Amino acid sequence: MSAADTVGALRARFPKDVIRSHVVCGQDVVYVSNDKAHEILRWLQEDPAQQFNYLTDITCVEHRDAERELEVVYQLRSLNRKVDLRVKIGLNPDGPLVVRSVIDLWAGADWLEREAWDMFGVKFKGHPDLRRILMWEGYAEGFPLRKSFPLRGHWSRSEQTRQALEANPEAYYSLEELSIAEAYHELPLDVRERLAKAGKVLP
Amino acid sequence: MGLSPLPIDRNTTHESISPNWVTTRLDFLANWGRANSLWPMPFGTACCAIEFMATAAARFDIARFGMERMSFSPRQADVLICAGRLPFKLAPVIRRIWDQMPQPKWAISMGACASSGGIFDNYAMVQGIDTIIPVDVYVPGCPPRPEGLLYGIMLLQKKIMGETMADPSLRVEQLVGPDGLFRRPEHIDEISEPFGNSVHQTRSA
């Protein structure tokens, strides 16, 4: 069973929500509605005939034509079936850019969704920790990969330099970020004692 | 973040020393020692760091210049070698490293990206690390060959041999000022202006 069969099965299962589909360079691409996207992705992952158990990438595409939609792209792969499928959600570039997070389906979506948020400003509803990942915390210039963002940024170089020098990396990228709390019981005893003494972790 | 600037008393301290036979001999001795035992702080962020590693390895052998002792702690370093492009995200980091290095200290900007932003004339990249820290020697190239870096190192040694303790300005910390910048903003804007081919880059909006 190939990706084309998957597209057929998708159309049969969700007739109203599969908007269109086509093949690009041998890759099946399905456009689905934003409302049902999470349900469709869940079905693709869980259905025994589909088994798309690997999320290769989440990214976005904004076209130069202003009337075209901004697309959120999910690149899926079934490791058992050796089949790829690309699922796209079209959004209005001017409207609210909100889709549902798929972190409950593929845990690996965590950083991919953070990157899409960082670069395009697409909000992933339900993501537990949606913040910037490539640009630094507190970066206020906008979302760099949007077409409305000038290549050299909105601000003058001196202002960018000032903002960059003002940033305090240690306030955001500290040991706390590594979620010591979760790994607490795997840490060596002396580290645990030190952390407990510093009041960093409640044992 | 950083050190507090030391007030320089213009009337009493170094400026009262005028160059004479003793100070110039002492200068020679101190500079000879400094120039031939520079401990580099390698700040490698990109492909220039690969060339830097080649420079440090056996074939080009940076030990011939007394620089084989890489100082991965800025506290023991003499010369900061920024090998590679510097994104704005790393600007406060290299500034902190520079502030942590004790005097006397020097900086080499290795490669086109560290010196001018190179091909990365975009929103994320510092357009020359001299907008963040003072630089002594610029090594052009993309990346520079080890010979190029060695030539830059020899230029730095030459520069050090020309220093004198009669000049008090050499050891003044150039800190980030109250306006949050280390240079005047109009200077940063001017040296960050697009040049060469990047003048023709399309700007959206």
# chains A, B, ... in the order shown; residues from 1 in each chain; ligands from 1
>>> residues_around(residues="region 126-128 of chain A", least_positions_apart="4", cutoff="10 Å", atoms="only C-alpha atoms", output="list of chain:residue names")
A:Val99, A:Arg100, A:Ser101, A:Val102, A:Ile103, A:Asp104, A:Ala109, A:Asp110, A:Glu113, A:Arg114
>>> interface_residues(of="chain A", to="chain B", cutoff="6 Å", atoms="only C-alpha atoms", output="list in words")
Trp136, Ser148, Pro150, Leu151, Arg152, Gly153, Arg157, Ser158, Arg162, Ala164 and Leu165 of chain A
>>> residues_around(residues="Glu137 (chain A)", least_positions_apart="5", cutoff="9 Å", atoms="only C-alpha atoms", output="PyMOL selection string")
chain A and resi 131-132+167+169+172
>>> residues_around(residues="region 40-44 of chain A", least_positions_apart="2", cutoff="10 Å", atoms="only C-alpha atoms", output="number ranges by chain")
A: 6, 9-10, 13-14, 17-18, 32-38, 46-53, 74, 76, 78, 85, 87, 102, 104-106
>>> write_last_selection(atoms="C-alpha atoms", output="CSV table (one decimal), in the first residue's frame")
chain,number,residue,atom,x,y,z
A,6,THR,CA,-3.3,6.6,2.0
A,9,ALA,CA,-8.3,6.3,2.4
A,10,LEU,CA,-8.1,9.8,3.9
A,13,ARG,CA,-12.6,8.7,5.9
A,14,PHE,CA,-12.6,12.5,6.0
A,17,ASP,CA,-11.8,17.9,5.4
A,18,VAL,CA,-9.4,16.8,2.8
A,32,VAL,CA,-6.5,19.4,5.2
A,33,SER,CA,-8.7,21.7,7.1
A,34,ASN,CA,-7.3,23.3,10.2
A,35,ASP,CA,-10.3,22.3,12.4
A,36,LYS,CA,-9.9,18.6,11.7
A,37,ALA,CA,-6.1,18.5,11.2
A,38,HIS,CA,-5.3,17.1,14.6
A,46,GLU,CA,-3.0,5.3,14.9
A,47,ASP,CA,-4.8,3.5,12.1
A,48,PRO,CA,-3.3,0.1,11.7
A,49,ALA,CA,-3.3,0.5,7.9
A,50,GLN,CA,-1.4,3.8,8.0
A,51,GLN,CA,1.0,3.7,10.9
A,52,PHE,CA,2.7,7.0,10.3
A,53,ASN,CA,4.8,6.7,13.5
A,74,TYR,CA,3.9,18.1,8.5
A,76,LEU,CA,5.3,12.1,8.1
A,78,SER,CA,5.8,5.3,8.4
A,85,LEU,CA,3.3,11.7,3.3
A,87,VAL,CA,0.2,17.0,5.2
A,102,VAL,CA,0.7,17.5,17.8
A,104,ASP,CA,0.6,14.5,22.2
A,105,LEU,CA,1.0,12.4,19.1
A,106,TRP,CA,4.7,12.7,18.4
>>> select_by_dssp(residues="region 7-155 of chain B", states="helix (DSSP H, G or I)", output="ChimeraX atom specification")
/B:14-16,21-35,47-56,62-65,74-76,88-100,112-116,129-131,146-155
